[in-house]
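**Student:** Just so it is clear, I am handing over run-v3.cif, which has mmCIF, C-alpha atoms and all ligand atoms.
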data_final
loop_
_atom_site.label_atom_id
_atom_site.label_comp_id
_atom_site.auth_asym_id
_atom_site.auth_seq_id
_atom_site.Cartn_x
_atom_site.Cartn_y
_atom_site.Cartn_z
CA MET A 1 5.84 -43.16 142.52
CA THR A 2 5.26 -39.83 144.19
CA ILE A 3 1.84 -38.25 144.49
CA PHE A 4 2.83 -35.90 141.65
CA SER A 5 3.63 -38.73 139.20
CA GLU A 6 0.44 -40.58 140.14
CA ILE A 7 -1.69 -37.49 139.58
CA LYS A 8 0.03 -36.70 136.28
CA TYR A 9 -0.61 -40.24 135.14
CA ASP A 10 -4.32 -39.87 135.87
CA HIS A 11 -4.41 -36.57 134.02
CA ARG A 12 -3.22 -38.33 130.87
CA VAL A 13 -5.87 -41.02 131.33
CA ILE A 14 -8.57 -38.36 131.81
CA LEU A 15 -7.55 -36.56 128.61
CA GLU A 16 -7.55 -39.87 126.73
CA LEU A 17 -11.01 -40.72 128.05
CA PHE A 18 -12.17 -37.27 127.01
CA GLN A 19 -10.89 -37.95 123.52
CA SER A 20 -12.87 -41.19 123.37
CA VAL A 21 -16.04 -39.25 124.19
CA GLU A 22 -15.32 -37.01 121.20
CA MET A 23 -14.22 -39.76 118.83
CA THR A 24 -16.61 -42.57 119.58
CA SER A 25 -19.73 -43.34 117.56
CA HIS A 26 -22.81 -41.31 118.29
CA ARG A 27 -24.58 -44.05 120.20
CA SER A 28 -21.62 -44.84 122.49
CA ARG A 29 -21.03 -41.24 123.48
CA LYS A 30 -23.08 -41.25 126.67
CA ARG A 31 -21.45 -44.46 127.80
CA GLU A 32 -17.99 -42.99 127.26
CA LEU A 33 -19.06 -39.84 129.08
CA ARG A 34 -20.12 -41.88 132.12
CA LYS A 35 -16.72 -43.58 132.09
CA LEU A 36 -15.00 -40.21 131.99
CA GLY A 37 -17.25 -38.89 134.76
CA LYS A 38 -16.47 -41.88 136.95
CA MET A 39 -12.74 -41.43 136.42
CA ILE A 40 -12.85 -37.69 137.15
CA GLU A 41 -14.91 -38.28 140.28
CA ALA A 42 -12.50 -40.93 141.60
CA HIS A 43 -9.48 -38.80 140.73
CA SER A 44 -10.70 -35.46 142.09
CA ARG A 45 -12.06 -36.81 145.37
CA SER A 46 -8.86 -38.81 146.02
CA GLU A 47 -6.72 -35.80 145.17
CA GLU A 48 -8.73 -33.71 147.63
CA ASP A 49 -8.45 -36.41 150.32
CA VAL A 50 -4.72 -36.94 149.98
CA LEU A 51 -3.16 -33.75 148.61
CA TYR A 52 -5.51 -30.80 149.08
CA ARG A 53 -6.47 -31.62 152.66
CA ASN A 54 -2.81 -31.81 153.61
CA LEU A 55 -1.63 -28.78 151.66
CA ILE A 56 -4.40 -26.47 152.84
CA GLN A 57 -2.87 -26.57 156.31
CA HIS A 58 0.12 -24.62 154.98
CA ARG A 59 -0.76 -20.96 155.15
CA ASP A 60 0.96 -19.90 151.93
CA ALA A 61 -0.90 -22.57 149.95
CA ARG A 62 -4.38 -22.08 151.36
CA THR A 63 -5.80 -19.68 148.74
CA LEU A 64 -4.36 -21.71 145.91
CA VAL A 65 -5.86 -24.94 147.26
CA LEU A 66 -9.27 -23.27 147.65
CA GLU A 67 -9.11 -22.12 144.04
CA ASN A 68 -8.36 -25.67 142.96
CA TYR A 69 -11.31 -27.01 144.99
CA GLU A 70 -13.45 -24.51 143.07
CA GLU A 71 -12.09 -25.75 139.76
CA HIS A 72 -13.04 -29.32 140.71
CA HIS A 73 -16.50 -28.07 141.57
CA ARG A 74 -16.79 -26.36 138.19
CA VAL A 75 -15.75 -29.54 136.36
CA ASP A 76 -18.32 -31.52 138.40
CA LEU A 77 -21.07 -29.10 137.38
CA LEU A 78 -20.08 -29.19 133.72
CA LEU A 79 -20.11 -32.98 133.78
CA LYS A 80 -23.54 -33.00 135.40
CA ASP A 81 -24.85 -30.57 132.76
CA LEU A 82 -23.56 -32.80 129.98
CA GLU A 83 -25.01 -35.94 131.54
CA GLU A 84 -28.42 -34.29 131.70
CA ILE A 85 -28.77 -33.23 128.09
CA SER A 86 -29.29 -35.39 125.04
CA ILE A 87 -26.44 -35.78 122.57
CA GLU A 88 -28.96 -34.64 119.95
CA ASP A 89 -29.20 -31.30 121.69
CA ASP A 90 -27.45 -28.42 119.91
CA LEU A 91 -25.89 -27.50 123.22
CA TRP A 92 -24.06 -30.82 123.53
CA PRO A 93 -20.93 -29.87 121.50
CA LEU A 94 -20.73 -26.48 123.20
CA ARG A 95 -20.91 -28.00 126.65
CA LEU A 96 -18.42 -30.67 125.73
CA GLU A 97 -16.03 -27.93 124.64
CA ASP A 98 -16.63 -26.09 127.95
CA LEU A 99 -15.68 -29.26 129.78
CA ARG A 100 -12.55 -29.73 127.67
CA LEU A 101 -11.39 -26.17 128.34
CA ALA A 102 -12.06 -26.47 132.07
CA LEU A 103 -10.20 -29.79 132.28
CA VAL A 104 -7.16 -28.60 130.35
CA ALA A 105 -6.96 -25.35 132.34
CA HIS A 106 -7.27 -27.18 135.66
CA ILE A 107 -4.67 -29.79 134.77
CA GLN A 108 -2.20 -27.08 133.73
CA GLU A 109 -2.87 -25.06 136.86
CA GLU A 110 -2.30 -28.08 139.05
CA GLU A 111 0.83 -29.34 137.36
CA ARG A 112 2.43 -25.91 137.02
CA THR A 113 1.35 -23.94 140.07
CA LEU A 114 -0.09 -26.24 142.70
CA PHE A 115 2.63 -28.88 142.41
CA LYS A 116 5.29 -26.20 142.76
CA ARG A 117 3.72 -24.92 145.96
CA ALA A 118 3.24 -28.47 147.20
CA LYS A 119 6.92 -29.32 146.56
CA LYS A 120 7.91 -26.31 148.63
CA ASN A 121 5.79 -27.43 151.58
CA LEU A 122 5.95 -31.21 151.35
CA HIS A 123 9.57 -31.84 150.48
CA ASN A 124 10.11 -35.21 152.16
CA GLU A 125 10.46 -37.76 149.34
CA ARG A 126 9.13 -40.58 151.54
CA THR A 127 6.03 -38.61 152.44
CA LEU A 128 5.42 -37.86 148.77
CA THR A 129 5.75 -41.55 147.85
CA GLU A 130 3.44 -42.62 150.69
CA MET A 131 0.91 -40.04 149.55
CA GLY A 132 1.23 -41.49 146.04
CA HIS A 133 0.38 -44.97 147.36
CA GLN A 134 -2.57 -43.67 149.34
CA PHE A 135 -3.85 -41.72 146.37
CA ARG A 136 -3.61 -44.71 144.00
CA ALA A 137 -5.35 -47.01 146.48
CA LEU A 138 -8.22 -44.55 146.92
CA VAL A 139 -8.64 -44.04 143.17
CA ASN A 140 -8.71 -47.81 142.56
CA GLU A 141 -11.18 -48.32 145.36
CA ARG A 142 -13.48 -45.62 143.98
CA LEU A 143 -13.21 -46.89 140.41
CA ASP A 144 -14.02 -50.39 141.52
CA HIS A 145 -12.95 -51.66 138.08
CA GLU A 146 -15.66 -49.63 136.36
CA VAL A 147 -13.25 -47.86 134.02
CA PRO A 148 -11.70 -50.82 132.18
CA SER A 149 -9.76 -48.73 129.66
CA ILE A 150 -7.34 -47.49 132.28
CA HIS A 151 -6.67 -51.04 133.47
CA SER A 152 -5.48 -52.03 130.01
CA HIS A 153 -3.52 -48.85 129.47
CA SER A 154 -0.18 -49.63 127.82
CA GLU A 155 1.79 -47.07 129.82
CA ARG A 156 0.24 -47.99 133.11
CA PRO A 157 2.74 -47.39 135.90
CA ASP A 158 4.04 -50.45 137.77
CA SER A 159 2.31 -49.41 140.96
CA ILE A 160 -1.04 -50.32 139.47
CA THR A 161 -0.07 -53.12 137.10
CA THR A 162 1.01 -55.79 139.53
CA GLY A 163 -1.12 -57.57 142.06
CA ALA A 164 1.60 -57.21 144.68
CA ASP A 165 1.67 -53.46 144.34
CA ALA A 166 -2.09 -53.20 144.39
CA GLU A 167 -2.08 -55.27 147.57
CA GLU A 168 0.58 -53.02 149.07
CA THR A 169 -1.34 -49.84 148.28
CA ARG A 170 -4.52 -51.33 149.73
CA ASN A 171 -2.68 -52.14 152.95
CA LEU A 172 -1.22 -48.67 153.16
CA ALA A 173 -4.63 -47.15 152.69
CA SER A 174 -6.30 -49.37 155.28
CA THR A 175 -3.63 -48.70 157.89
CA GLY A 176 -3.81 -45.00 157.11
CA LYS A 177 -0.02 -44.76 156.59
FE FE A 201 -7.41 -31.79 140.23
#
Go ahead and express the file in the form of structure tokens.

**Tutor:**
Amino acid sequence: MTIFSEIKYDHRVILELFQSVEMTSHRSRKRELRKLGKMIEAHSRSEEDVLYRNLIQHRDARTLVLENYEEHHRVDLLLKDLEEISIEDDLWPLRLEDLRLALVAHIQEEERTLFKRAKKNLHNERTLTEMGHQFRALVNERLDHEVPSIHSHSERPDSITTGADAEETRNLASTGK
């Protein structure tokens, strides 16, 4: 899978995890939030390592990439705010809604605008697939099996369902290819 498909897959997982924070029982909410936070952290940092760092070297993409770094930063701050307050706090639902809006806006921006610019600059299919492998390996490494719901996801792409593929992505990541 290309880096774009891998990232899109994670976006769906993130939105699903967000929904579980909203839907779960009162007492499980913080636990679900930590799961979401862990997933977002693994996803954003890996995206920055593999895609942003590469794309920012292309002059016509630089401003756009910087804006996307800022959006990640904003999501990180919103997550931190939410983690710090009690779910009993009247601010909790408002902050949760802020996070939802920021996530949806960022995901749309990335999939519509950033991917388009990336496709223009990184058009080699093999490069895009190798970046996809690197990205997936980094996300898995960072998650360290701490977000079980994505490992049992029914639509999980093949690249992370089979042991052989996981092994392959680990090798790619360790050799830096
Ligand atoms: Fe992102």

**Student:** Let me make sure I understand: among A:Tyr9, A:Trp92, A:Phe18, A:Phe4, which one has the smallest atom-to-atom distance to Leu51 (chain A) if we use all atoms listed in the file?

**Tutor:**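 The shortest atom-to-atom distance to Leu51 (chain A) comes from A:Phe4.
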
**Student:** Between CA of Thr129 (chain A) and CA of His73 (chain A), measure the distance and give it in Å to one decimal.

**Tutor:**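 Going from CA of Thr129 (chain A) over to CA of His73 (chain A) covers 26.8 Å.
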
**Student:** When the cut-off is 7 Å and you count all atoms listed in the file, which residues lie near ligand FE 201 (chain A), shown as number ranges by chain?

**Tutor:** A: 44, 47, 68, 72, 106-107, 110

**Student:** How many Å separate CA of Asp49 (chain A) from CA of Glu111 (chain A)?

**Tutor:**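 Between these atoms lies a distance of 17.4 Å.
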
**Student:** With only C-alpha atoms as the basis for distance, which of A:Glu41, A:Val13, A:His26, A:Ser5 is at the shortest distance from Glu88 (chain A)?

**Tutor:**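 That would be A:His26, the residue with the smallest distance to Glu88 (chain A).
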
**Student:** Which is closest to Val21 (chain A) among A:Ile87, A:Leu78, A:Leu122, A:Ile3, if we use only C-alpha atoms?

**Tutor:**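 The answer is A:Ile87, which sits nearest to Val21 (chain A).
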